[in-house]
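Novice: work.cif (mmCIF, C-alpha atoms) pasted underneath:
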```
data_target
#
loop_
_atom_site.label_atom_id
_atom_site.label_comp_id
_atom_site.auth_asym_id
_atom_site.auth_seq_id
_atom_site.Cartn_x
_atom_site.Cartn_y
_atom_site.Cartn_z
CA MET A 1 15.68 25.25 4.59
CA LYS A 2 15.51 24.29 0.90
CA ASP A 3 14.80 27.28 -1.36
CA LEU A 4 11.86 26.07 -3.45
CA SER A 5 12.04 29.12 -5.70
CA GLU A 6 15.18 27.70 -7.24
CA GLU A 7 13.10 24.83 -8.66
CA VAL A 8 10.61 27.08 -10.46
CA CYS A 9 11.26 27.51 -14.17
CA ALA A 10 11.95 31.15 -15.02
CA LEU A 11 10.33 30.76 -18.45
CA CYS A 12 6.93 29.36 -17.45
CA GLY A 13 6.79 29.96 -13.70
CA GLY A 14 6.32 26.26 -13.09
CA THR A 15 3.19 25.88 -15.26
CA GLY A 16 4.97 23.91 -17.98
CA LEU A 17 3.32 26.06 -20.64
CA ILE A 18 4.37 29.09 -22.68
CA VAL A 19 1.79 31.48 -24.14
CA ARG A 20 2.72 33.60 -27.15
CA HIS A 21 0.69 36.00 -29.27
CA ASN A 22 0.59 35.66 -33.04
CA ASP A 23 0.14 38.45 -35.58
CA PHE A 24 -3.64 38.17 -35.30
CA GLY A 25 -3.69 38.76 -31.54
CA GLN A 26 -4.40 35.11 -30.79
CA ASP A 27 -2.82 33.25 -27.88
CA ILE A 28 -0.66 30.31 -28.97
CA MET A 29 0.12 27.82 -26.22
CA SER A 30 3.06 25.41 -26.29
CA PHE A 31 5.01 23.25 -23.85
CA CYS A 32 7.85 24.96 -22.04
CA ARG A 33 11.38 23.60 -22.42
CA CYS A 34 11.28 22.33 -18.83
CA ARG A 35 8.15 20.31 -19.56
CA GLU A 36 9.73 18.86 -22.72
CA VAL A 37 12.72 17.71 -20.68
CA GLU A 38 10.47 16.02 -18.09
CA VAL A 39 8.55 14.23 -20.85
CA SER A 40 11.85 13.07 -22.34
CA LYS A 41 13.04 11.75 -18.98
CA ASN A 42 9.79 9.81 -18.64
CA ILE A 43 10.44 8.19 -22.03
CA TRP A 44 13.91 7.14 -20.83
CA THR A 45 12.44 5.66 -17.64
CA ALA A 46 9.73 3.79 -19.55
CA SER A 47 12.52 2.25 -21.66
CA GLY A 48 14.29 1.00 -18.52
CA ILE A 49 17.01 3.67 -18.44
CA ASN A 50 17.40 5.93 -15.41
CA PRO A 51 18.56 9.35 -16.67
CA SER A 52 19.91 10.10 -13.18
CA ASN A 53 22.27 7.10 -13.27
CA SER A 54 25.74 8.40 -12.42
CA ASN A 55 27.27 5.31 -14.03
CA LEU A 56 26.20 6.61 -17.43
CA SER A 57 28.59 9.54 -17.67
CA PHE A 58 31.68 10.56 -19.62
CA SER A 59 33.84 10.14 -16.52
CA SER A 60 32.60 6.58 -15.90
CA TYR A 61 33.47 5.52 -19.46
CA LYS A 62 36.87 3.88 -19.16
CA ALA A 63 38.78 4.22 -22.42
CA TYR A 64 41.34 1.40 -22.64
CA ASN A 65 43.06 2.06 -25.97
CA SER A 66 43.41 4.71 -28.68
CA ILE A 67 40.13 4.01 -30.51
CA THR A 68 38.00 4.02 -27.37
CA MET A 69 39.74 7.22 -26.27
CA LYS A 70 38.92 8.68 -29.70
CA ALA A 71 35.26 7.74 -29.19
CA LYS A 72 35.17 9.33 -25.73
CA ASN A 73 36.84 12.51 -26.97
CA ALA A 74 34.43 12.71 -29.92
CA ALA A 75 31.45 12.47 -27.56
CA ALA A 76 32.81 15.18 -25.25
CA LYS A 77 33.66 17.45 -28.19
CA TYR A 78 30.17 17.00 -29.65
CA TYR A 79 28.62 18.04 -26.36
CA MET A 80 30.83 21.12 -26.11
CA GLU A 81 30.05 22.15 -29.70
CA PHE A 82 26.36 21.29 -29.63
CA ASN A 83 24.94 24.80 -29.36
CA ASN A 84 27.01 25.95 -32.34
CA ILE A 85 26.11 23.04 -34.64
CA LYS A 86 22.58 22.06 -33.60
CA ASN A 87 20.88 23.95 -36.44
CA THR A 88 23.30 22.93 -39.17
CA LYS A 89 22.97 20.06 -41.63
CA ALA A 90 25.88 18.13 -40.08
CA ASN A 91 24.69 18.25 -36.45
CA SER A 92 24.74 14.55 -35.52
CA ILE A 93 27.17 11.89 -34.31
CA ALA A 94 27.50 8.12 -34.84
CA PHE A 95 29.28 5.42 -32.85
CA LEU A 96 29.53 2.39 -35.12
CA GLY A 97 30.96 -1.12 -35.10
CA GLN A 98 32.29 -3.48 -32.49
CA VAL A 99 29.96 -5.00 -29.90
CA GLY A 100 30.93 -4.21 -26.30
CA SER A 101 33.01 -1.13 -27.08
CA GLY A 102 30.86 1.33 -25.12
CA LYS A 103 28.89 2.88 -27.99
CA THR A 104 25.63 2.85 -26.02
CA HIS A 105 27.37 4.18 -22.91
CA LEU A 106 28.69 7.23 -24.78
CA SER A 107 25.36 7.83 -26.54
CA LEU A 108 23.46 7.75 -23.25
CA ALA A 109 26.06 9.92 -21.51
CA LEU A 110 25.61 12.51 -24.26
CA GLY A 111 21.83 12.38 -23.90
CA ILE A 112 21.95 12.72 -20.11
CA ASN A 113 24.29 15.70 -20.35
CA LEU A 114 21.94 17.36 -22.83
CA LEU A 115 18.95 16.67 -20.57
CA ASN A 116 20.81 18.26 -17.67
CA LYS A 117 21.44 21.26 -19.90
CA GLY A 118 17.70 21.63 -20.50
CA ILE A 119 17.67 20.06 -23.96
CA ALA A 120 14.98 17.44 -24.52
CA ALA A 121 16.89 14.40 -25.79
CA VAL A 122 14.60 11.43 -26.47
CA TYR A 123 15.90 7.87 -26.14
CA MET A 124 14.83 5.34 -28.79
CA PRO A 125 15.83 1.69 -28.18
CA TYR A 126 15.65 0.66 -31.83
CA ARG A 127 14.67 -3.01 -31.55
CA ASP A 128 11.93 -2.49 -28.94
CA VAL A 129 10.41 0.51 -30.72
CA ILE A 130 10.42 -1.09 -34.18
CA THR A 131 8.79 -4.26 -32.81
CA LYS A 132 6.01 -2.33 -31.04
CA LEU A 133 5.37 -0.11 -34.08
CA LYS A 134 4.96 -3.13 -36.35
CA GLN A 135 2.72 -4.87 -33.82
CA ASN A 136 0.47 -1.80 -33.67
CA ILE A 137 0.61 -0.69 -37.28
CA MET A 138 -3.21 -0.97 -37.57
CA ASP A 139 -3.67 1.30 -34.54
CA GLU A 140 -3.34 4.58 -36.41
CA GLU A 141 -3.39 6.79 -33.32
CA TYR A 142 -0.67 4.82 -31.52
CA TYR A 143 1.46 4.45 -34.64
CA ASN A 144 1.35 8.12 -35.60
CA SER A 145 1.84 9.47 -32.08
CA THR A 146 4.81 7.15 -31.47
CA LEU A 147 6.39 8.03 -34.81
CA SER A 148 5.83 11.74 -34.15
CA LYS A 149 7.62 11.49 -30.80
CA TYR A 150 10.82 10.38 -32.52
CA LYS A 151 10.45 12.58 -35.61
CA HIS A 152 10.01 15.82 -33.67
CA ALA A 153 12.33 15.30 -30.67
CA LYS A 154 14.81 18.13 -30.13
CA VAL A 155 17.54 15.46 -30.10
CA LEU A 156 16.98 11.78 -30.90
CA ILE A 157 19.19 8.98 -29.56
CA ILE A 158 18.83 5.80 -31.64
CA ASP A 159 20.38 2.93 -29.72
CA ASP A 160 21.47 -0.25 -31.56
CA LEU A 161 20.19 0.81 -34.96
CA TYR A 162 19.44 -2.20 -37.21
CA LYS A 163 19.99 -4.71 -34.41
CA GLY A 164 18.60 -8.13 -35.35
CA LYS A 165 16.94 -9.27 -38.56
CA ILE A 166 16.04 -6.31 -40.79
CA THR A 167 12.86 -6.27 -42.88
CA GLU A 168 11.51 -3.85 -45.46
CA SER A 169 9.08 -2.56 -42.83
CA ASP A 170 11.99 -1.71 -40.53
CA ILE A 171 13.66 0.27 -43.32
CA ASN A 172 10.44 2.12 -44.17
CA ILE A 173 9.80 3.13 -40.57
CA MET A 174 13.35 4.37 -40.09
CA PHE A 175 13.18 6.29 -43.36
CA GLU A 176 10.11 8.17 -42.10
CA ILE A 177 11.90 9.20 -38.91
CA ILE A 178 15.32 9.92 -40.35
CA ASN A 179 14.14 11.70 -43.50
CA TYR A 180 12.00 14.08 -41.44
CA ARG A 181 14.91 14.87 -39.16
CA TYR A 182 17.27 15.21 -42.13
CA LEU A 183 14.97 17.72 -43.86
CA ASN A 184 14.44 19.72 -40.66
CA CYS A 185 18.06 19.66 -39.39
CA LEU A 186 17.17 17.85 -36.17
CA PRO A 187 20.18 16.16 -34.47
CA ILE A 188 20.56 12.40 -34.06
CA ILE A 189 22.94 10.46 -31.80
CA ILE A 190 23.39 6.93 -33.18
CA SER A 191 24.88 3.72 -31.87
CA SER A 192 24.97 0.71 -34.17
CA GLU A 193 26.91 -2.50 -34.73
CA CYS A 194 26.82 -1.62 -38.43
CA VAL A 195 29.76 0.23 -39.95
CA SER A 196 29.17 2.90 -42.62
CA GLU A 197 29.25 0.47 -45.55
CA LYS A 198 26.66 -1.80 -43.95
CA LEU A 199 24.31 1.13 -43.25
CA LEU A 200 24.46 1.93 -46.96
CA ASP A 201 23.94 -1.74 -47.89
CA PHE A 202 20.73 -1.96 -45.86
CA ASP A 203 19.29 1.12 -47.56
CA GLU A 204 21.27 3.78 -49.36
CA GLY A 205 18.58 6.42 -48.81
CA VAL A 206 18.58 6.03 -45.02
CA GLY A 207 22.31 5.37 -44.77
CA SER A 208 23.42 8.31 -46.90
CA ARG A 209 21.22 10.72 -44.94
CA LEU A 210 22.64 9.50 -41.64
CA LEU A 211 26.24 9.69 -42.83
CA GLU A 212 25.72 13.21 -44.19
CA MET A 213 24.19 14.32 -40.89
CA CYS A 214 27.13 12.79 -38.99
CA LYS A 215 29.82 14.08 -41.36
CA ASP A 216 33.17 14.44 -39.52
CA ARG A 217 31.60 12.84 -36.41
CA ILE A 218 31.56 9.16 -37.36
CA VAL A 219 33.52 6.93 -34.97
CA GLU A 220 34.01 3.38 -36.26
CA ILE A 221 35.35 0.76 -33.87
CA LYS A 222 36.45 -2.53 -35.41
CA GLY A 223 37.96 -5.73 -34.01
CA SER A 224 37.00 -8.04 -31.13
CA GLU A 225 40.00 -6.73 -29.16
CA ASN A 226 37.83 -3.66 -28.57
CA ASN A 227 35.06 -5.67 -26.87
CA TYR A 228 35.42 -4.56 -23.26
CA ARG A 229 33.13 -7.33 -22.01
CA LEU A 230 35.41 -10.00 -23.49
CA LYS A 231 38.48 -8.33 -21.96
CA ASN A 232 36.99 -9.08 -18.55
CA ILE A 233 36.36 -12.75 -19.41
CA LEU A 234 39.20 -14.00 -21.58
#
```
Please express what this file holds, its structure, as structure tokens.
Specialist:
Amino acid sequence: MKDLSEEVCALCGGTGLIVRHNDFGQDIMSFCRCREVEVSKNIWTASGINPSNSNLSFSSYKAYNSITMKAKNAAAKYYMEFNNIKNTKANSIAFLGQVGSGKTHLSLALGINLLNKGIAAVYMPYRDVITKLKQNIMDEEYYNSTLSKYKHAKVLIIDDLYKGKITESDINIMFEIINYRYLNCLPIIISSECVSEKLLDFDEGVGSRLLEMCKDRIVEIKGSENNYRLKNIL
């Protein structure tokens, strides 16, 4: 028979809430880590990504040359070092450059591994989120709650940053999210077709913050020979 007790969170007893007392004897209630992880998984699912997908793992990423092996090793190393670096200024990682080189795969594999470790990693599909935020910019409640979700996430995965035509509104929205995370040392996992120079060209304020946060963990993949999808066609 399945032991149901193994599924009960030791921190909250399955309630999803943690109650703490402040210095004034007041009860302060907050979400438990297990509840945060479930909320994060729901965000993934709503974005069309199944966080239980075994095809989105480190082992299923097939490195086929030295640069893709470097990217895979960087992702695995980041995961292993995460607990030691998560509260530092340089606590993030970026996979930049060539289309079809597996940047999204490695970003999602990292996020899924963190979720499985009990760390609430929130997935942000850049183009979809930016479009919806701009469409609902007059809906203050929706706009602020959506922005807050990405600003305050324990770990934020930004997939395909700056994909498509970029406007001043796009830059301003991303500055709000990234600047908050930069100031509060909150980790970001980034995939983007832009290389470092292009991130700076779009906006030096956003780009320089991202590059500082990802210092020593920036993997740039250049050249169409690294497009795995084309390797299977041509």
Novice: Name the residues in contact with Tyr162 in chain A at a cut-off of 12 Å, using all atoms listed in the file, excluding same-chain residues fewer than 3 positions from it; report them as a CSV table (one decimal) with C-alpha atoms, keeping the file's coordinate frame.
Specialist:
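Written output follows (result.csv):
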```csv
chain,number,residue,atom,x,y,z
A,96,LEU,CA,29.5,2.4,-35.1
A,97,GLY,CA,31.0,-1.1,-35.1
A,125,PRO,CA,15.8,1.7,-28.2
A,126,TYR,CA,15.6,0.7,-31.8
A,127,ARG,CA,14.7,-3.0,-31.6
A,128,ASP,CA,11.9,-2.5,-28.9
A,129,VAL,CA,10.4,0.5,-30.7
A,130,ILE,CA,10.4,-1.1,-34.2
A,131,THR,CA,8.8,-4.3,-32.8
A,158,ILE,CA,18.8,5.8,-31.6
A,159,ASP,CA,20.4,2.9,-29.7
A,165,LYS,CA,16.9,-9.3,-38.6
A,166,ILE,CA,16.0,-6.3,-40.8
A,167,THR,CA,12.9,-6.3,-42.9
A,168,GLU,CA,11.5,-3.8,-45.5
A,169,SER,CA,9.1,-2.6,-42.8
A,170,ASP,CA,12.0,-1.7,-40.5
A,171,ILE,CA,13.7,0.3,-43.3
A,173,ILE,CA,9.8,3.1,-40.6
A,174,MET,CA,13.4,4.4,-40.1
A,190,ILE,CA,23.4,6.9,-33.2
A,191,SER,CA,24.9,3.7,-31.9
A,192,SER,CA,25.0,0.7,-34.2
A,193,GLU,CA,26.9,-2.5,-34.7
A,194,CYS,CA,26.8,-1.6,-38.4
A,195,VAL,CA,29.8,0.2,-40.0
A,198,LYS,CA,26.7,-1.8,-44.0
A,199,LEU,CA,24.3,1.1,-43.2
A,200,LEU,CA,24.5,1.9,-47.0
A,201,ASP,CA,23.9,-1.7,-47.9
A,202,PHE,CA,20.7,-2.0,-45.9
A,203,ASP,CA,19.3,1.1,-47.6
A,206,VAL,CA,18.6,6.0,-45.0
A,207,GLY,CA,22.3,5.4,-44.8
```
Novice: If we count all atoms listed in the file, what is near range 99-113 of chain A at a cut-off of 9 Å, once residues fewer than 3 positions away on the same chain are taken out, given as a PyMOL selection string?
Specialist: chain A and resi 51-53+55-58+61-63+68+71-72+75-76+78-79+93-96+116-123+155-160+189-193+221-222+224+226-230
Novice: Report, in Å to a single decimal, how far apart CA of Gly205 in chain A and CA of Leu183 in chain A are.
Specialist: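 Spanning CA of Leu183 in chain A to CA of Gly205 in chain A is a straight-line distance of 12.9 Å.
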Novice: Do you know which residues are at most 12 Å from Glu81 in chain A counting all atoms listed in the file, after dropping those on the same chain fewer than 4 positions away, and could you put them as a list in words?
Specialist: Ala74, Ala75, Ala76, Lys77, Ile85, Lys86, Asn87, Thr88, Ala90, Asn91, Ser92, Ile93, Leu110, Leu114 and Arg217 of chain A
Novice: Using only C-alpha atoms, find the one residue out of A:Met80, A:Met69, A:Ile137, A:Met124 that sits nearest to Ser47 in chain A.
Specialist: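 With only C-alpha atoms as the atom set, the closest residue is A:Met124.
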Novice: On this structure, which residues satisfy the PyMOL selection byres ((chain A and resi 180) around 12), written as a list in words?
Specialist: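 Applied to this file, the PyMOL selection byres ((chain A and resi 180) around 12) returns Leu147, Ser148, Lys149, Tyr150, Lys151, His152, Ala153, Leu156, Ile173, Met174, Phe175, Glu176, Ile177, Ile178, Asn179, Arg181, Tyr182, Leu183, Asn184, Cys185, Leu186, Pro187, Ile188, Val206, Arg209 and Leu210 of chain A.
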Novice: In terms of the shortest atom-to-atom distance over only C-alpha atoms, which of A:Val37, A:Ile43, A:Ile67, A:Met138 is closest to Gln98 in chain A?
Specialist: A:Ile67
Novice: What is the CA of Lys163 in chain A-CA of Glu220 in chain A distance in Å, reported with one decimal?
Specialist: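 Distance between the two atoms: 16.3 Å.
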Novice: Could you state the separation of CA of Asn172 in chain A and CA of Glu141 in chain A in Å, given to one decimal place?
Specialist: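 These atoms are spaced 18.2 Å apart.
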Novice: Generate all heavy atoms for range 62-73 of chain A and emit them as a compact mmCIF listing (two decimals), in the coordinates of the input.
Specialist:
```txt
# COMPACT_ATOMS: atom_id res chain seq x y z
N LYS A 62 35.44 4.14 -19.30
CA LYS A 62 36.87 3.88 -19.16
C LYS A 62 37.48 3.51 -20.52
O LYS A 62 37.36 2.37 -20.99
CB LYS A 62 37.12 2.75 -18.16
CG LYS A 62 36.49 2.99 -16.79
CD LYS A 62 37.00 4.28 -16.15
CE LYS A 62 36.39 4.49 -14.78
NZ LYS A 62 36.78 5.80 -14.18
N ALA A 63 38.09 4.49 -21.16
CA ALA A 63 38.78 4.22 -22.42
C ALA A 63 40.02 3.38 -22.14
O ALA A 63 40.76 3.66 -21.20
CB ALA A 63 39.18 5.54 -23.08
N TYR A 64 40.24 2.32 -22.92
CA TYR A 64 41.34 1.40 -22.64
C TYR A 64 42.32 1.26 -23.79
O TYR A 64 43.25 0.48 -23.72
CB TYR A 64 40.79 0.03 -22.24
CG TYR A 64 39.72 -0.50 -23.16
CD1 TYR A 64 40.04 -1.27 -24.28
CD2 TYR A 64 38.39 -0.24 -22.90
CE1 TYR A 64 39.06 -1.75 -25.13
CE2 TYR A 64 37.40 -0.71 -23.74
CZ TYR A 64 37.73 -1.47 -24.85
OH TYR A 64 36.74 -1.93 -25.67
N ASN A 65 42.09 2.01 -24.88
CA ASN A 65 43.06 2.06 -25.97
C ASN A 65 42.78 3.31 -26.82
O ASN A 65 41.91 4.11 -26.47
CB ASN A 65 43.03 0.78 -26.83
CG ASN A 65 41.65 0.53 -27.44
OD1 ASN A 65 40.83 1.43 -27.52
ND2 ASN A 65 41.42 -0.70 -27.86
N SER A 66 43.49 3.46 -27.91
CA SER A 66 43.41 4.71 -28.68
C SER A 66 42.05 4.92 -29.33
O SER A 66 41.53 6.04 -29.37
CB SER A 66 44.50 4.73 -29.76
OG SER A 66 44.36 3.63 -30.65
N ILE A 67 41.41 3.85 -29.82
CA ILE A 67 40.13 4.01 -30.51
C ILE A 67 39.01 4.32 -29.54
O ILE A 67 38.12 5.13 -29.82
CB ILE A 67 39.78 2.78 -31.38
CG1 ILE A 67 38.53 3.06 -32.23
CG2 ILE A 67 39.59 1.54 -30.54
CD1 ILE A 67 38.65 4.20 -33.20
N THR A 68 39.03 3.69 -28.35
CA THR A 68 38.00 4.02 -27.37
C THR A 68 38.22 5.41 -26.78
O THR A 68 37.26 6.10 -26.43
CB THR A 68 37.92 2.96 -26.26
OG1 THR A 68 39.22 2.76 -25.69
CG2 THR A 68 37.41 1.63 -26.81
N MET A 69 39.46 5.84 -26.70
CA MET A 69 39.74 7.22 -26.27
C MET A 69 39.25 8.20 -27.33
O MET A 69 38.70 9.27 -27.02
CB MET A 69 41.23 7.42 -26.02
CG MET A 69 41.59 8.84 -25.58
SD MET A 69 40.73 9.36 -24.06
CE MET A 69 41.62 8.38 -22.84
N LYS A 70 39.43 7.84 -28.61
CA LYS A 70 38.92 8.68 -29.70
C LYS A 70 37.41 8.82 -29.61
O LYS A 70 36.86 9.91 -29.81
CB LYS A 70 39.32 8.06 -31.05
CG LYS A 70 38.78 8.83 -32.25
CD LYS A 70 39.15 8.14 -33.56
CE LYS A 70 38.55 8.87 -34.75
NZ LYS A 70 38.86 8.19 -36.04
N ALA A 71 36.71 7.71 -29.31
CA ALA A 71 35.26 7.74 -29.19
C ALA A 71 34.83 8.64 -28.03
O ALA A 71 33.90 9.45 -28.16
CB ALA A 71 34.73 6.32 -28.99
N LYS A 72 35.51 8.52 -26.90
CA LYS A 72 35.17 9.33 -25.73
C LYS A 72 35.41 10.81 -26.02
O LYS A 72 34.58 11.67 -25.68
CB LYS A 72 36.01 8.89 -24.54
CG LYS A 72 35.70 9.64 -23.24
CD LYS A 72 36.50 9.06 -22.08
CE LYS A 72 36.15 9.77 -20.77
NZ LYS A 72 36.89 9.19 -19.62
N ASN A 73 36.53 11.12 -26.65
CA ASN A 73 36.84 12.51 -26.97
C ASN A 73 35.84 13.09 -27.97
O ASN A 73 35.46 14.26 -27.88
CB ASN A 73 38.26 12.63 -27.53
CG ASN A 73 39.33 12.39 -26.47
OD1 ASN A 73 39.06 12.48 -25.28
ND2 ASN A 73 40.54 12.07 -26.90
```
